[in-house]
$ cat coords15.cif   # mmCIF, C-alpha atoms
data_start
#
loop_
_atom_site.label_atom_id
_atom_site.label_comp_id
_atom_site.auth_asym_id
_atom_site.auth_seq_id
_atom_site.Cartn_x
_atom_site.Cartn_y
_atom_site.Cartn_z
CA MET A 634 -9.95 2.20 -34.31
CA THR A 635 -9.16 -1.50 -33.97
CA GLY A 636 -7.96 -3.54 -31.04
CA ASP A 637 -4.41 -3.55 -32.56
CA GLU A 638 -4.01 0.23 -32.31
CA ASP A 639 -2.43 1.98 -29.35
CA LEU A 640 -4.80 3.95 -27.18
CA ARG A 641 -4.19 7.28 -25.54
CA ILE A 642 -5.20 6.70 -21.92
CA LEU A 643 -5.32 9.63 -19.54
CA LEU A 644 -5.22 9.26 -15.74
CA PHE A 645 -6.74 12.14 -13.83
CA SER A 646 -5.95 12.58 -10.14
CA SER A 647 -4.08 14.55 -7.47
CA MET A 648 -2.08 11.68 -5.95
CA ILE A 649 1.40 12.05 -7.40
CA THR A 650 3.01 9.43 -5.15
CA VAL A 651 0.36 6.78 -5.80
CA LEU A 652 0.48 7.39 -9.52
CA ASN A 653 4.16 6.58 -9.69
CA GLY A 654 3.24 2.95 -9.08
CA TRP A 655 0.83 3.11 -12.00
CA ALA A 656 3.54 4.61 -14.21
CA SER A 657 5.88 1.72 -13.40
CA GLY A 658 3.18 -0.73 -14.43
CA PHE A 659 2.50 1.16 -17.67
CA ALA A 660 6.13 1.21 -18.82
CA ASN A 661 5.87 -2.09 -20.72
CA ILE A 662 2.30 -1.76 -22.02
CA ASP A 663 1.78 -0.78 -25.66
CA HIS A 664 -0.37 2.30 -25.08
CA GLN A 665 0.36 5.97 -24.50
CA PHE A 666 -0.40 7.17 -20.96
CA ILE A 667 -0.91 10.76 -19.89
CA ILE A 668 -0.96 11.33 -16.13
CA VAL A 669 -2.72 14.58 -15.24
CA ILE A 670 -2.02 15.73 -11.69
CA LEU A 671 -4.26 18.33 -10.03
CA VAL A 672 -2.10 20.53 -7.80
CA PRO A 673 -3.44 23.56 -5.86
CA LYS A 674 -0.96 26.38 -6.46
CA GLN A 675 -0.17 26.72 -2.77
CA GLN A 676 1.03 23.08 -2.85
CA LYS A 677 3.30 23.51 -5.87
CA LYS A 678 6.46 23.26 -3.77
CA GLU A 679 5.25 20.02 -2.16
CA TYR A 680 4.50 18.64 -5.62
CA GLU A 681 7.98 19.52 -6.86
CA ASN A 682 9.59 17.94 -3.79
CA ALA A 683 7.58 14.75 -4.29
CA LEU A 684 8.39 14.59 -7.99
CA VAL A 685 12.15 14.40 -7.51
CA GLN A 686 11.72 10.88 -6.10
CA PHE A 687 10.60 9.53 -9.45
CA ASP A 688 12.48 8.88 -12.67
CA TRP A 689 10.00 9.55 -15.45
CA LYS A 690 12.64 9.40 -18.19
CA THR A 691 12.70 5.60 -18.00
CA ARG A 692 9.04 5.48 -19.05
CA PRO A 693 8.90 6.86 -22.62
CA ASN A 694 5.22 5.96 -23.10
CA VAL A 695 4.20 7.94 -19.98
CA THR A 696 3.70 11.71 -20.02
CA LEU A 697 3.30 13.71 -16.81
CA CYS A 698 1.07 16.78 -17.06
CA PRO A 699 0.39 18.89 -13.94
CA ILE A 700 -2.48 21.37 -13.71
CA PHE A 701 -1.84 24.06 -11.09
CA LEU A 702 -5.22 25.01 -9.66
CA GLU A 703 -6.52 28.36 -8.52
CA SER A 704 -8.93 26.40 -6.29
CA PRO A 705 -7.80 25.69 -2.71
CA ASN A 706 -8.00 21.91 -3.20
CA GLU A 707 -8.31 19.23 -5.85
CA LYS A 708 -12.10 19.00 -5.33
CA LEU A 709 -12.34 22.42 -7.04
CA SER A 710 -14.19 23.76 -3.98
CA ASN A 711 -14.44 27.32 -5.22
CA LEU A 712 -18.15 27.95 -5.67
CA LEU A 713 -17.83 31.32 -3.92
CA ASN A 714 -15.25 32.42 -6.47
CA PRO A 715 -16.69 31.46 -9.86
CA LEU A 716 -13.92 33.19 -11.80
CA LYS A 717 -11.23 30.94 -10.29
CA LEU A 718 -13.47 27.92 -10.77
CA PHE A 719 -13.92 28.85 -14.44
CA ARG A 720 -10.15 29.20 -14.89
CA ASP A 721 -9.55 25.73 -13.42
CA PHE A 722 -12.17 24.13 -15.65
CA ARG A 723 -10.68 25.94 -18.63
CA GLU A 724 -7.24 24.47 -17.87
CA ILE A 725 -8.71 20.99 -17.50
CA TYR A 726 -10.54 21.41 -20.82
CA ARG A 727 -7.40 22.66 -22.59
CA THR A 728 -5.36 19.74 -21.24
CA LEU A 729 -7.89 17.17 -22.40
CA VAL A 730 -8.21 18.81 -25.82
CA SER A 731 -4.43 18.94 -26.30
CA HIS A 732 -4.03 15.22 -25.54
CA ARG A 733 -7.29 13.96 -27.08
CA PRO A 734 -7.49 10.77 -24.97
CA ASP A 735 -9.44 7.72 -26.09
CA ALA A 736 -10.09 6.77 -22.47
CA VAL A 737 -9.90 8.66 -19.18
CA ILE A 738 -9.49 7.11 -15.73
CA GLY A 739 -10.56 9.29 -12.80
CA ILE A 740 -8.54 8.05 -9.86
CA TYR A 741 -10.51 9.22 -6.81
CA VAL A 742 -14.15 9.74 -7.60
CA ILE A 743 -14.35 13.27 -6.14
CA HIS A 744 -11.98 14.42 -8.89
CA ALA A 745 -14.08 12.95 -11.67
CA TYR A 746 -17.04 15.30 -11.98
CA PRO A 747 -15.27 17.66 -14.46
CA LEU A 748 -14.66 14.56 -16.60
CA VAL A 749 -18.40 13.82 -16.73
CA LEU A 750 -19.10 17.36 -17.93
CA LEU A 751 -16.52 17.11 -20.73
CA LYS A 752 -17.11 13.49 -21.71
CA ARG A 753 -19.85 14.09 -24.28
CA LEU A 754 -18.01 17.05 -25.77
CA LEU A 755 -14.68 15.25 -26.26
CA GLY A 756 -15.96 11.71 -26.85
CA TYR A 757 -13.70 9.69 -24.56
CA THR A 758 -14.70 6.59 -22.58
CA LEU A 759 -14.77 7.28 -18.85
CA PHE A 760 -13.64 4.95 -16.04
CA VAL A 761 -13.22 5.69 -12.34
CA MET A 762 -11.08 4.10 -9.66
CA ILE A 763 -12.29 4.17 -6.04
CA ALA A 764 -10.05 3.38 -3.06
CA GLY A 765 -12.43 4.14 -0.20
CA GLY A 766 -11.58 7.53 1.25
CA ASP A 767 -13.43 9.32 -1.54
CA VAL A 768 -16.60 7.50 -0.44
CA TYR A 769 -16.21 7.47 3.34
CA LEU A 770 -14.92 11.05 3.71
CA HIS A 771 -17.70 12.64 1.66
CA GLN A 772 -21.04 11.46 2.98
CA SER A 773 -23.15 14.59 2.40
CA LEU A 774 -26.24 14.39 0.19
CA VAL A 775 -24.56 16.61 -2.43
CA TRP A 776 -21.57 14.27 -2.77
CA LYS A 777 -23.80 11.19 -2.90
CA ILE A 778 -25.68 12.75 -5.83
CA ILE A 779 -22.38 13.65 -7.53
CA ARG A 780 -21.11 10.09 -7.07
CA LYS A 781 -24.28 8.62 -8.62
CA ILE A 782 -23.87 10.88 -11.65
CA ILE A 783 -20.24 9.85 -12.01
CA TYR A 784 -21.07 6.14 -11.63
CA SER A 785 -23.82 6.33 -14.26
CA ASN A 786 -21.45 8.03 -16.73
CA SER A 787 -18.61 5.54 -16.21
CA GLN A 788 -18.14 2.52 -18.44
CA VAL A 789 -16.66 0.56 -15.51
CA VAL A 790 -16.05 1.48 -11.87
CA PHE A 791 -12.85 -0.12 -10.54
CA THR A 792 -12.52 -0.57 -6.80
CA VAL A 793 -10.03 -2.20 -4.47
CA GLY A 794 -12.20 -4.35 -2.23
CA HIS A 795 -15.26 -6.53 -1.82
CA ARG A 796 -16.97 -4.27 0.72
CA LEU A 797 -16.58 -1.19 -1.47
CA LYS A 798 -17.91 -3.09 -4.46
CA ALA A 799 -21.05 -4.07 -2.53
CA GLU A 800 -21.58 -0.51 -1.27
CA ILE A 801 -21.14 1.03 -4.72
CA GLU A 802 -23.52 -1.48 -6.27
CA GLN A 803 -26.05 -0.68 -3.56
CA GLU A 804 -25.73 3.03 -4.30
CA SER A 805 -25.88 2.63 -8.09
CA ASN A 806 -26.51 -0.09 -10.68
CA CYS A 807 -23.21 0.57 -12.45
CA ARG A 808 -20.72 -2.13 -13.44
CA VAL A 809 -18.09 -2.61 -10.71
CA MET A 810 -14.88 -4.63 -10.92
CA ILE A 811 -12.39 -5.38 -8.15
CA ILE A 812 -8.81 -4.46 -8.99
CA PRO A 813 -6.31 -4.73 -6.11
CA PRO A 814 -4.34 -1.48 -5.68
CA ASP A 815 -1.24 -2.56 -7.56
CA PHE A 816 -0.30 1.10 -7.82
CA LEU A 817 1.49 0.24 -4.58
CA ASP A 818 5.21 0.68 -5.30
CA SER A 819 6.72 -2.31 -3.46
CA GLU A 820 10.21 -1.34 -4.59
CA TYR A 821 9.84 2.01 -2.85
CA PHE A 822 7.99 0.72 0.23
CA ARG A 823 10.55 -1.85 1.27
CA PRO A 824 12.21 -2.90 4.52
CA TYR A 825 15.61 -1.47 5.40
CA ASP A 826 17.74 -1.40 8.53
CA ASP A 827 19.13 2.03 9.42
CA THR A 828 20.21 2.39 13.03
CA SER A 829 20.19 6.19 12.75
CA LEU A 830 16.48 6.34 11.85
CA ARG A 831 15.21 6.16 15.42
CA ARG A 832 17.55 8.92 16.55
CA LYS A 833 16.28 11.04 13.68
CA TYR A 834 12.75 10.83 15.11
CA GLY A 835 13.76 11.17 18.77
CA LEU A 836 13.42 7.48 19.65
CA SER A 837 15.84 5.06 21.30
CA ALA A 838 16.67 1.50 20.28
CA SER A 839 14.88 0.17 23.35
CA ASP A 840 11.57 1.98 22.68
CA PHE A 841 8.61 -0.12 21.58
CA VAL A 842 7.03 2.09 18.91
CA VAL A 843 3.31 2.03 18.12
CA LEU A 844 2.50 3.87 14.88
CA THR A 845 -0.79 5.12 13.49
CA LEU A 846 -0.80 6.82 10.10
CA SER A 847 -4.07 8.00 8.62
CA PHE A 848 -6.46 10.85 8.05
CA LEU A 849 -7.45 11.83 11.58
CA ASN A 850 -11.22 11.53 11.68
CA GLU A 851 -13.61 9.73 14.01
CA ARG A 852 -13.86 6.66 11.77
CA LYS A 853 -10.16 5.82 12.24
CA ARG A 854 -10.59 5.46 16.05
CA VAL A 855 -7.10 6.74 16.87
CA ASN A 856 -8.54 7.64 20.29
CA ASP A 857 -8.82 3.89 20.97
CA VAL A 858 -5.12 3.44 20.15
CA ILE A 859 -4.22 6.25 22.56
CA SER A 860 -6.33 4.60 25.27
CA ALA A 861 -4.61 1.26 24.60
CA VAL A 862 -1.20 2.91 24.89
CA ARG A 863 -2.24 4.38 28.24
CA GLN A 864 -3.03 0.84 29.43
CA LEU A 865 0.26 -0.52 28.09
CA LYS A 866 2.22 2.29 29.72
CA ASN A 867 1.21 1.03 33.15
CA LYS A 868 3.35 -2.09 32.61
CA HIS A 869 5.79 -1.12 29.86
CA LYS A 870 7.59 2.20 30.36
CA ASN A 871 9.37 1.90 27.00
CA VAL A 872 6.17 2.19 24.93
CA LYS A 873 6.07 5.20 22.58
CA MET A 874 3.45 6.20 20.03
CA LEU A 875 3.66 8.19 16.82
CA VAL A 876 0.51 9.69 15.30
CA ALA A 877 1.16 10.60 11.66
CA GLY A 878 -1.43 12.49 9.66
CA ASP A 879 -3.80 15.39 9.96
CA GLY A 880 -7.55 15.89 10.07
CA PRO A 881 -10.52 17.26 12.01
CA GLU A 882 -9.93 15.02 15.06
CA LYS A 883 -6.33 16.09 15.64
CA SER A 884 -7.16 18.68 18.29
CA ASN A 885 -9.41 16.27 20.21
CA LEU A 886 -6.78 13.55 20.07
CA MET A 887 -4.10 15.87 21.40
CA GLN A 888 -6.41 16.86 24.24
CA LEU A 889 -6.99 13.19 25.05
CA ARG A 890 -3.22 12.59 25.06
CA ASP A 891 -2.70 15.45 27.50
CA LYS A 892 -5.63 14.35 29.69
CA LEU A 893 -4.13 10.85 29.99
CA ARG A 894 -0.70 12.39 30.82
CA LEU A 895 0.94 10.92 27.74
CA LYS A 896 2.59 14.06 26.38
CA GLU A 897 6.07 12.53 26.72
CA THR A 898 4.87 9.25 25.22
CA ILE A 899 2.83 10.27 22.17
CA THR A 900 4.14 12.49 19.35
CA PHE A 901 1.94 14.01 16.65
CA THR A 902 3.96 14.43 13.46
CA GLY A 903 1.29 16.08 11.31
CA PHE A 904 1.09 15.30 7.60
CA VAL A 905 4.09 13.28 6.36
CA ASP A 906 5.52 12.88 2.87
CA GLU A 907 6.21 9.50 1.27
CA ALA A 908 9.86 9.34 2.36
CA THR A 909 8.92 10.03 5.98
CA LYS A 910 6.06 7.54 5.79
CA ARG A 911 8.48 4.85 4.63
CA ASP A 912 10.87 5.72 7.48
CA LEU A 913 8.06 5.45 10.04
CA PHE A 914 6.97 2.03 8.77
CA ASN A 915 10.57 0.87 9.15
CA ILE A 916 11.09 2.14 12.70
CA ALA A 917 7.68 1.08 14.08
CA ASP A 918 7.34 -2.13 16.04
CA VAL A 919 3.63 -2.25 15.18
CA TYR A 920 1.41 -0.30 12.84
CA VAL A 921 -2.14 -0.02 14.19
CA LEU A 922 -5.27 0.69 12.15
CA VAL A 923 -8.48 0.00 14.06
CA SER A 924 -11.14 1.85 12.04
CA HIS A 925 -14.74 0.88 12.72
CA HIS A 926 -15.54 1.28 9.00
CA GLU A 927 -12.99 0.71 6.26
CA GLY A 928 -12.39 -0.41 2.70
CA LEU A 929 -8.87 -1.55 1.81
CA PRO A 930 -6.47 1.17 3.03
CA VAL A 931 -3.32 1.61 0.97
CA SER A 932 -1.38 2.53 4.14
CA LEU A 933 -1.91 -1.00 5.45
CA LEU A 934 -0.44 -2.48 2.27
CA GLU A 935 2.48 -0.03 2.37
CA ALA A 936 3.22 -0.97 5.99
CA MET A 937 3.14 -4.69 5.15
CA SER A 938 5.39 -4.06 2.16
CA CYS A 939 7.92 -2.56 4.61
CA GLU A 940 7.67 -5.73 6.76
CA CYS A 941 5.99 -3.82 9.58
CA ILE A 942 3.89 -5.85 12.04
CA CYS A 943 0.28 -4.71 11.45
CA VAL A 944 -2.64 -4.80 13.88
CA CYS A 945 -5.95 -3.91 12.28
CA SER A 946 -9.66 -4.24 12.95
CA ASN A 947 -11.63 -7.07 11.39
CA VAL A 948 -13.74 -4.79 9.19
CA GLY A 949 -13.99 -4.06 5.48
CA ASP A 950 -11.43 -5.86 3.35
CA MET A 951 -8.71 -5.95 5.98
CA PRO A 952 -9.51 -9.57 6.98
CA TYR A 953 -9.02 -10.50 3.30
CA VAL A 954 -5.42 -9.27 3.62
CA ILE A 955 -4.49 -10.18 7.19
CA GLN A 956 -4.49 -13.76 8.44
CA ASP A 957 -4.44 -13.43 12.20
CA SER A 958 -1.08 -14.37 13.76
CA SER A 959 0.28 -15.41 10.35
CA ASN A 960 1.09 -12.21 8.42
CA GLY A 961 -0.34 -9.73 10.94
CA PHE A 962 -2.95 -9.48 13.65
CA LEU A 963 -6.69 -8.79 13.79
CA THR A 964 -8.71 -7.23 16.57
CA ARG A 965 -12.20 -5.80 17.03
CA PRO A 966 -12.94 -2.08 16.65
CA ARG A 967 -13.96 0.13 19.58
CA GLU A 968 -12.26 -2.16 22.11
CA PRO A 969 -9.07 -0.45 23.35
CA GLU A 970 -8.60 -2.98 26.16
CA LEU A 971 -8.54 -5.84 23.65
CA LEU A 972 -6.14 -3.85 21.46
CA ALA A 973 -3.78 -3.32 24.40
CA THR A 974 -3.86 -7.05 25.13
CA LYS A 975 -3.11 -7.83 21.48
CA ILE A 976 -0.12 -5.45 21.39
CA GLU A 977 1.20 -6.81 24.68
CA GLU A 978 0.95 -10.32 23.23
CA ILE A 979 3.07 -9.17 20.28
CA MET A 980 5.62 -7.64 22.67
CA GLY A 981 6.01 -11.03 24.32
CA ARG A 982 6.51 -13.06 21.15
CA PRO A 983 10.02 -14.32 20.24
CA THR A 984 12.00 -12.18 17.80
CA LYS A 985 12.36 -15.07 15.36
CA GLU A 986 8.60 -15.62 15.28
CA LEU A 987 7.94 -11.93 14.64
CA SER A 988 10.56 -11.93 11.88
CA THR A 989 8.64 -14.71 10.12
CA ILE A 990 5.39 -12.74 10.39
CA ARG A 991 7.11 -9.65 8.94
CA LYS A 992 8.42 -11.61 5.95
CA ARG A 993 5.01 -13.18 5.35
CA ALA A 994 3.46 -9.69 5.34
CA ARG A 995 5.74 -8.49 2.55
CA GLN A 996 5.30 -11.74 0.64
CA THR A 997 1.52 -11.21 0.74
CA ILE A 998 1.99 -7.82 -0.91
CA LEU A 999 4.40 -9.10 -3.55
CA GLU A 1000 2.13 -12.01 -4.49
CA LYS A 1001 -1.30 -10.36 -4.34
CA TYR A 1002 -1.01 -6.58 -4.52
CA ALA A 1003 2.16 -5.66 -6.41
CA SER A 1004 1.65 -7.96 -9.38
CA LYS A 1005 1.67 -6.17 -12.73
CA GLU A 1006 -0.82 -8.76 -13.97
CA TRP A 1007 -3.57 -6.69 -12.36
CA THR A 1008 -2.44 -3.59 -14.25
CA ASN A 1009 -2.54 -5.57 -17.49
CA TYR A 1010 -6.00 -6.91 -16.64
CA MET A 1011 -7.33 -3.42 -15.96
CA ILE A 1012 -5.83 -1.96 -19.14
CA ASP A 1013 -7.15 -4.89 -21.20
CA THR A 1014 -10.63 -4.14 -19.80
CA ILE A 1015 -10.27 -0.45 -20.68
CA GLU A 1016 -9.04 -1.30 -24.18
CA ASN A 1017 -11.91 -3.72 -24.86
CA GLU A 1018 -14.57 -1.38 -23.48
CA THR A 1019 -13.21 1.61 -25.39
CA VAL A 1020 -12.89 -0.24 -28.70
CA ASN A 1021 -16.35 -1.82 -28.34
CA ARG A 1022 -17.91 1.57 -27.52
CA ARG A 1023 -16.31 3.17 -30.59
CA THR A 1024 -17.37 0.37 -32.94
CA ALA A 1025 -20.92 -0.02 -31.54
#
$ encode --input "coords15.cif" --output "structure tokens"
Amino acid sequence: MTGDEDLRILLFSSMITVLNGWASGFANIDHQFIIVILVPKQQKKEYENALVQFDWKTRPNVTLCPIFLESPNEKLSNLLNPLKLFRDFREIYRTLVSHRPDAVIGIYVIHAYPLVLLKRLLGYTLFVMIAGGDVYLHQSLVWKIIRKIIYSNSQVVFTVGHRLKAEIEQESNCRVMIIPPDFLDSEYFRPYDDTSLRRKYGLSASDFVVLTLSFLNERKRVNDVISAVRQLKNKHKNVKMLVAGDGPEKSNLMQLRDKLRLKETITFTGFVDEATKRDLFNIADVYVLVSHHEGLPVSLLEAMSCECICVCSNVGDMPYVIQDSSNGFLTRPREPELLATKIEEIMGRPTKELSTIRKRARQTILEKYASKEWTNYMIDTIENETVNRRTA
């Protein structure tokens, strides 16, 4: 193999909606791309519904290849049923053998451990992409060991932010490169004005809508947003809150809502698909993300791409994205009173000023996070590393 030959590059993940952005970036690159999606069988209908949003026919160098799992989730968590686990590994093996990739990218590190097991057998070069949730949501000793094994078997670990890079390097001595998440589809996550949207979600034109959208765990501090809304409600009767997402804290958060007598104010939507997510970003007056520990959340970039006013905590890589009062707003985590003050300040700003901030938010995404130059840079790195490894 020489550097002039096309590579067969396989992406391995479960995130169909995120991968569409990658596919758009790959359309004009002279390599063949195979996108392997891990889909638990009970989620097959959701996968099919998500897929209709995307036009794969316009990308002749991109092949989509789903693997429908017997396991209950994409982590292959089926140790108590070894037969199903064996069947899933067999399907992964067959898929890799049929496509014979030169390089494999594991997008989400928890999905990558089957790739480590098959790497030596099939001879591909392994890379992994880490966005943050795969590190922060899996902190047990077992997963830390698995991550170290994956890091040590990867030619390069790509990550989306400076904080994640430092944490990965502290955990392992692997090679880490920062690649902004240009899998963000800025053409899909865009601003639009539809007066019927608010009615669709039970909101009026006069409501001031506070949105949170995330995995509902303690780290996201959605309880602080609820407390801030309670404070705002004392002065502003038109404040409403939408909590989109699911997770282990959902029950506790709903109890807090009821305790604070906010049942008519706060709506829990549960898990939302990409189309609904885009709608919510477009009807929200502010999107709030006040985690006490964070990397670079894709939801923040999607919200900004939709010209939604964002209020986020000054942790992780979020201050690299948000310039306070310019393209969004920063606050401190674990301080609901300060958050309420910040939101009330936004409510009092002139419409023209807020419109400028919204446009700056989208411009930030278009200039820094939706540029196909980053895709090219990543693929050039993969090409060079793969060719050098083969010729060494």
$ resolve_selection --input "coords15.cif" --expression "the PyMOL selection byres ((chain A and resi 874-885) around 10)" --output "ChimeraX atom specification"
/A:834,840-856,858-859,862,872-873,886-891,895,897-906,909-910,913,917,919-920
$ resolve_selection --input "coords15.cif" --expression "the PyMOL selection byres ((chain A and resi 928-931) around 6)" --output "ChimeraX atom specification"
/A:765,794,797,927,932-934,949-950
$ resolve_selection --input "coords15.cif" --expression "the PyMOL selection byres ((chain A and resi 751) around 12)" --output "list of chain:residue names"
A:Phe722, A:Arg723, A:Ile725, A:Tyr726, A:Arg727, A:Thr728, A:Leu729, A:Val730, A:Arg733, A:Pro734, A:Val737, A:Ala745, A:Tyr746, A:Pro747, A:Leu748, A:Val749, A:Leu750, A:Lys752, A:Arg753, A:Leu754, A:Leu755, A:Gly756, A:Tyr757, A:Thr758, A:Leu759, A:Ile783, A:Asn786
$ residues_near_point --input "coords15.cif" --point "(-10.9, 1.2, 14.3)" --cutoff "6 Å" --atoms "all atoms listed in the file" --output "list in words"
Lys853, Arg854, Val923, Ser924, His925, Ser946 and Pro966 of chain A
$ residues_around --input "coords15.cif" --residues "Arg965 (chain A)" --least-positions-apart "6" --cutoff "12 Å" --atoms "all atoms listed in the file" --output "PyMOL selection string"
chain A and resi 854+857+921-926+944-949+951-952+957+971-975
$ write_last_selection --input "coords15.cif" --atoms "C-alpha atoms" --output "PDB file, in the frame of the given file"
ATOM      1  CA  ARG A 854     -10.590   5.460  16.050  1.00  0.00           C
ATOM      2  CA  ASP A 857      -8.820   3.890  20.970  1.00  0.00           C
ATOM      3  CA  VAL A 921      -2.140  -0.020  14.190  1.00  0.00           C
ATOM      4  CA  LEU A 922      -5.270   0.690  12.150  1.00  0.00           C
ATOM      5  CA  VAL A 923      -8.480   0.000  14.060  1.00  0.00           C
ATOM      6  CA  SER A 924     -11.140   1.850  12.040  1.00  0.00           C
ATOM      7  CA  HIS A 925     -14.740   0.880  12.720  1.00  0.00           C
ATOM      8  CA  HIS A 926     -15.540   1.280   9.000  1.00  0.00           C
ATOM      9  CA  VAL A 944      -2.640  -4.800  13.880  1.00  0.00           C
ATOM     10  CA  CYS A 945      -5.950  -3.910  12.280  1.00  0.00           C
ATOM     11  CA  SER A 946      -9.660  -4.240  12.950  1.00  0.00           C
ATOM     12  CA  ASN A 947     -11.630  -7.070  11.390  1.00  0.00           C
ATOM     13  CA  VAL A 948     -13.740  -4.790   9.190  1.00  0.00           C
ATOM     14  CA  GLY A 949     -13.990  -4.060   5.480  1.00  0.00           C
ATOM     15  CA  MET A 951      -8.710  -5.950   5.980  1.00  0.00           C
ATOM     16  CA  PRO A 952      -9.510  -9.570   6.980  1.00  0.00           C
ATOM     17  CA  ASP A 957      -4.440 -13.430  12.200  1.00  0.00           C
ATOM     18  CA  LEU A 971      -8.540  -5.840  23.650  1.00  0.00           C
ATOM     19  CA  LEU A 972      -6.140  -3.850  21.460  1.00  0.00           C
ATOM     20  CA  ALA A 973      -3.780  -3.320  24.400  1.00  0.00           C
ATOM     21  CA  THR A 974      -3.860  -7.050  25.130  1.00  0.00           C
ATOM     22  CA  LYS A 975      -3.110  -7.830  21.480  1.00  0.00           C
TER      23      LYS A 975
END
$ residues_near_point --input "coords15.cif" --point "(-2.5, -3.2, -17.2)" --cutoff "10 Å" --atoms "only C-alpha atoms" --output "short mmCIF file (atom, residue, chain, number, x, y, z; two decimals) with C-alpha atoms, in the coordinates of the input"
data_model
loop_
_atom_site.label_atom_id
_atom_site.label_comp_id
_atom_site.auth_asym_id
_atom_site.auth_seq_id
_atom_site.Cartn_x
_atom_site.Cartn_y
_atom_site.Cartn_z
CA TRP A 655 0.83 3.11 -12.00
CA GLY A 658 3.18 -0.73 -14.43
CA PHE A 659 2.50 1.16 -17.67
CA ALA A 660 6.13 1.21 -18.82
CA ASN A 661 5.87 -2.09 -20.72
CA ILE A 662 2.30 -1.76 -22.02
CA ASP A 663 1.78 -0.78 -25.66
CA HIS A 664 -0.37 2.30 -25.08
CA ASP A 815 -1.24 -2.56 -7.56
CA LYS A 1005 1.67 -6.17 -12.73
CA GLU A 1006 -0.82 -8.76 -13.97
CA TRP A 1007 -3.57 -6.69 -12.36
CA THR A 1008 -2.44 -3.59 -14.25
CA ASN A 1009 -2.54 -5.57 -17.49
CA TYR A 1010 -6.00 -6.91 -16.64
CA MET A 1011 -7.33 -3.42 -15.96
CA ILE A 1012 -5.83 -1.96 -19.14
CA ASP A 1013 -7.15 -4.89 -21.20
CA THR A 1014 -10.63 -4.14 -19.80
CA ILE A 1015 -10.27 -0.45 -20.68
CA GLU A 1016 -9.04 -1.30 -24.18
#
$ axis_aligned_box --input "coords15.cif" --around "region 798-807 of chain A" --padding-each-side "6 Å" --output "AutoDock Vina command-line options"
--center_x -22.2 --center_y -0.5 --center_z -6.9 --size_x 20.6 --size_y 19.1 --size_z 23.2
$ atom_distance --input "coords15.cif" --atom1 "CA of Lys992 (chain A)" --atom2 "CA of Glu940 (chain A)"
6.0 Å
$ atom_distance --input "coords15.cif" --atom1 "CA of Val789 (chain A)" --atom2 "CA of Leu702 (chain A)"
27.6 Å
$ atom_distance --input "coords15.cif" --atom1 "CA of Lys896 (chain A)" --atom2 "CA of Thr964 (chain A)"
26.0 Å
$ closest_residue --input "coords15.cif" --among "A:Glu681, A:Glu968, A:Glu978, A:Glu935" --to "Ala994 (chain A)" --atoms "all atoms listed in the file"
A:Glu935
$ closest_residue --input "coords15.cif" --among "A:Ile811, A:Ile979, A:Leu817, A:Ile990" --to "Gly961 (chain A)" --atoms "only C-alpha atoms"
A:Ile990
$ residues_around --input "coords15.cif" --residues "Lys781 (chain A)" --least-positions-apart "3" --cutoff "8 Å" --atoms "all atoms listed in the file" --output "list in words"
Lys777, Ile778, Tyr784, Ser785, Glu804 and Ser805 of chain A
$ write_last_selection --input "coords15.cif" --atoms "C-alpha atoms" --output "mmCIF file, in the frame of the given file"
data_model
loop_
_atom_site.group_PDB
_atom_site.id
_atom_site.type_symbol
_atom_site.label_atom_id
_atom_site.label_comp_id
_atom_site.auth_asym_id
_atom_site.auth_seq_id
_atom_site.Cartn_x
_atom_site.Cartn_y
_atom_site.Cartn_z
ATOM 1 C CA LYS A 777 -23.800 11.190 -2.900
ATOM 2 C CA ILE A 778 -25.680 12.750 -5.830
ATOM 3 C CA TYR A 784 -21.070 6.140 -11.630
ATOM 4 C CA SER A 785 -23.820 6.330 -14.260
ATOM 5 C CA GLU A 804 -25.730 3.030 -4.300
ATOM 6 C CA SER A 805 -25.880 2.630 -8.090
#
$ closest_residue --input "coords15.cif" --among "A:Val954, A:Cys943, A:Ile801, A:Val742" --to "Arg991 (chain A)" --atoms "all atoms listed in the file"
A:Cys943
$ closest_residue --input "coords15.cif" --among "A:Asn867, A:Tyr821, A:Ser988, A:Gln956" --to "Arg911 (chain A)" --atoms "all atoms listed in the file"
A:Tyr821
$ closest_residue --input "coords15.cif" --among "A:Thr828, A:Ser837, A:Ser819, A:Ser959" --to "Leu999 (chain A)" --atoms "all atoms listed in the file"
A:Ser819
